[in-house]
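Here's the structure we're looking at; comments come further down.
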Amino acid sequence: MLSSVILALVFASCSGDDGTDGLDGIDGIDGVDGAAGADGANGADGADGVANASVLLYDVSALSGNSFSLNVPEFTPLLLATNTILIYAQIGSSYYPIPGALTGTFSARPVLSEGGFAIYFYRNDDGTSFVLAQGIIDSIKVVTIESSSYDTRVAKSATSKDILSILKADGVDVNDYNAVAAYFNL
């Protein structure tokens, strides 16, 4: 009997060539989904967005007279109807809103139209025409703010008055070019 056990061990420890693998079996049934994990932490707030605002700069230091006109091809009927336009005159290092008093002596009023605008000058004391000497105004800056993309608080049909109200609510003095430029990253 001992010899039978030894003989069985000898044959059991021998290995022959492996046969070919059998066919894969049928996939099992999917398990039950686990419980949902906890929400992750909120990400950092992104930078505040800025409206589609742009600035155009015109050197007017050589212009004189009681008015002057500037060609602005960007002033299409659609742009004029759907955007807020702010105009500033640079005198020295200061910017003054137009319409408004540019000095203690004279004021300016713009008239916008398709393809450009004119600026008319008036005396502050009596409202009569004021003749501007060459070199008094260095430049004109025109800020265009696209109303339809400005702010979620404004409908797509927003008016210039709506945009100005929001700027005021946001603490932006639209009479101050530098405040407007900082607000819109111009």
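Numbering starts fresh at 1 for the residues of each chain in the structure tokens, the chains themselves are lettered A, B, ... in the order given, and ligands are numbered from 1 as they appear.
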
Exercise for the section: Would you please extract all strand (DSSP E or B) residues from segment 8-151 of chain A, as assigned by DSSP on the backbone, and give them as a ChimeraX atom specification? Expected result: /A:53-59,65,67-71,83-91,94-98,100-101,106-113,116-123,129,132,139-146

Problem - Within 12 Å of Gly127 of chain A using only C-alpha atoms, minus same-chain residues under 2 positions, as a list in words - result: Ala101, Thr105, Phe106, Ser107, Ala108, Arg109, Tyr120, Phe121, Tyr122, Arg123, Asn124, Asp125, Ser129 and Phe130 of chain A

Problem - Who sits within 8 Å of Val172 of chain A, only C-alpha atoms, same chain under 6 positions skipped, as a list in words - result: Ala179, Val180 and Tyr183 of chain A

Those residues you just picked out, can you put them in a file as a JSON list (two decimals), in the first residue's frame with N, CA, C and O atoms?
```
[["chain", "number", "residue", "atom", "x", "y", "z"],
["A", 179, "ALA", "N", -12.64, 105.93, -13.66],
["A", 179, "ALA", "CA", -13.47, 104.94, -12.95],
["A", 179, "ALA", "C", -14.11, 103.98, -13.95],
["A", 179, "ALA", "O", -14.16, 102.77, -13.71],
["A", 180, "VAL", "N", -14.59, 104.50, -15.06],
["A", 180, "VAL", "CA", -15.19, 103.66, -16.11],
["A", 180, "VAL", "C", -14.14, 102.73, -16.70],
["A", 180, "VAL", "O", -14.36, 101.53, -16.85],
["A", 183, "TYR", "N", -13.31, 99.98, -14.25],
["A", 183, "TYR", "CA", -14.42, 99.04, -14.12],
["A", 183, "TYR", "C", -14.45, 98.05, -15.28],
["A", 183, "TYR", "O", -14.69, 96.86, -15.11]]
```

Within 10 Å of segment 58-77 of chain A, which residues of segment 86-112 of chain A show up? Give each one with its shortest atom-to-atom distance in Å (one decimal) and the two atoms involved, counting only C-alpha atoms, rows by chain then rising residue number, as CSV.
```
residue,atom,partner,partner_atom,distance
A:Ala89,CA,A:Val60,CA,9.3
A:Gln90,CA,A:Val60,CA,9.5
A:Ile91,CA,A:Ser61,CA,9.5
A:Ala108,CA,A:Ser67,CA,8.8
A:Arg109,CA,A:Ser67,CA,9.4
A:Pro110,CA,A:Ser69,CA,9.3
A:Val111,CA,A:Ser69,CA,9.2
A:Leu112,CA,A:Phe75,CA,8.3
```

Going by DSSP on the backbone, which bits of segment 33-170 of chain A are helix (DSSP H, G or I)? Write them as a compact mmCIF listing (two decimals) with N, CA and C atoms, in the first residue's frame, please.
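As a result, selection_2.txt now contains:
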```
# COMPACT_ATOMS: atom_id res chain seq x y z
N PRO A 77 -26.32 102.02 -37.30
CA PRO A 77 -27.64 102.19 -36.67
C PRO A 77 -27.87 101.16 -35.55
N LEU A 78 -27.44 99.93 -35.75
CA LEU A 78 -27.63 98.91 -34.72
C LEU A 78 -26.81 99.23 -33.47
N LEU A 79 -25.55 99.62 -33.65
CA LEU A 79 -24.73 99.96 -32.50
C LEU A 79 -25.32 101.14 -31.74
N LEU A 80 -25.74 102.15 -32.44
CA LEU A 80 -26.30 103.34 -31.78
C LEU A 80 -27.60 103.01 -31.04
N ALA A 81 -28.36 102.04 -31.55
CA ALA A 81 -29.64 101.69 -30.94
C ALA A 81 -29.49 100.74 -29.76
N THR A 82 -28.39 99.99 -29.70
CA THR A 82 -28.31 98.92 -28.70
C THR A 82 -27.14 99.04 -27.73
N SER A 147 -24.87 96.77 -24.58
CA SER A 147 -25.94 96.59 -23.59
C SER A 147 -26.42 95.16 -23.48
N SER A 148 -26.53 94.44 -24.58
CA SER A 148 -27.14 93.11 -24.54
C SER A 148 -26.29 92.07 -23.84
N SER A 149 -25.01 92.34 -23.62
CA SER A 149 -24.17 91.35 -22.96
C SER A 149 -23.61 91.86 -21.65
N SER A 160 -29.74 102.43 -22.73
CA SER A 160 -28.57 103.10 -22.18
C SER A 160 -28.85 103.51 -20.73
N LYS A 161 -30.08 103.94 -20.46
CA LYS A 161 -30.45 104.34 -19.10
C LYS A 161 -30.34 103.17 -18.13
N ASP A 162 -30.72 101.95 -18.57
CA ASP A 162 -30.59 100.76 -17.72
C ASP A 162 -29.13 100.51 -17.36
N ILE A 163 -28.25 100.61 -18.35
CA ILE A 163 -26.83 100.38 -18.12
C ILE A 163 -26.27 101.42 -17.16
N LEU A 164 -26.63 102.67 -17.36
CA LEU A 164 -26.15 103.73 -16.48
C LEU A 164 -26.64 103.53 -15.06
N SER A 165 -27.86 103.03 -14.88
CA SER A 165 -28.39 102.75 -13.54
C SER A 165 -27.59 101.65 -12.85
N ILE A 166 -27.24 100.63 -13.59
CA ILE A 166 -26.46 99.53 -13.01
C ILE A 166 -25.05 100.00 -12.66
N LEU A 167 -24.45 100.79 -13.54
CA LEU A 167 -23.12 101.31 -13.22
C LEU A 167 -23.17 102.15 -11.94
N LYS A 168 -24.20 102.96 -11.80
CA LYS A 168 -24.35 103.77 -10.59
C LYS A 168 -24.52 102.87 -9.37
N ALA A 169 -25.35 101.83 -9.50
CA ALA A 169 -25.56 100.89 -8.38
C ALA A 169 -24.26 100.17 -8.01
```

Problem - Between atom CA of Gly171 of chain A and atom CA of Ile98 of chain A - distance in Å to one decimal - result: 19.7 Å

Problem - Distance criterion (only C-alpha atoms): nearest to Leu56 of chain A out of A:Asp30, A:Leu132, A:Asp126, A:Tyr88 - result: A:Tyr88

Exercise for the section: Give me, please, the distance in Å between atom CA of Leu57 of chain A and atom CA of Val143 of chain A, quoted to one decimal. Expected result: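 A separation of 9.0 Å between them.
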
Handout entry: Nearest-residue call for Asn83 of chain A, choices A:Leu186, A:Ala181, A:Ala53, A:Leu102, using only C-alpha atoms
Key = A:Ala53

Problem - Residues near Val142 of chain A, cut-off 6 Å, only C-alpha atoms, skip fewer than 2 positions along chain, as number ranges by chain - result: A: 55-56, 86-87

Same residues, N, CA, C and O atoms, saved as a CSV table (one decimal), in the first residue's frame:
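Saved the output as selection.csv:
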```csv
chain,number,residue,atom,x,y,z
A,55,VAL,N,-12.9,101.1,-26.2
A,55,VAL,CA,-12.7,102.5,-26.2
A,55,VAL,C,-12.0,102.9,-27.5
A,55,VAL,O,-11.1,102.2,-28.0
A,56,LEU,N,-12.4,104.0,-28.1
A,56,LEU,CA,-11.8,104.6,-29.3
A,56,LEU,C,-11.2,105.9,-28.9
A,56,LEU,O,-11.8,106.7,-28.1
A,86,LEU,N,-20.4,106.5,-24.0
A,86,LEU,CA,-19.9,107.6,-23.1
A,86,LEU,C,-18.7,108.3,-23.8
A,86,LEU,O,-17.9,107.6,-24.4
A,87,ILE,N,-18.7,109.6,-23.8
A,87,ILE,CA,-17.7,110.4,-24.5
A,87,ILE,C,-17.0,111.3,-23.4
A,87,ILE,O,-17.6,111.9,-22.6
```

Practice task
Work out how far apart atom CA of Ile136 of chain A and atom CA of Tyr95 of chain A are and give it in Å to one decimal.
Solution key: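 Computing the Euclidean distance for atom CA of Ile136 of chain A and atom CA of Tyr95 of chain A yields 12.4 Å.
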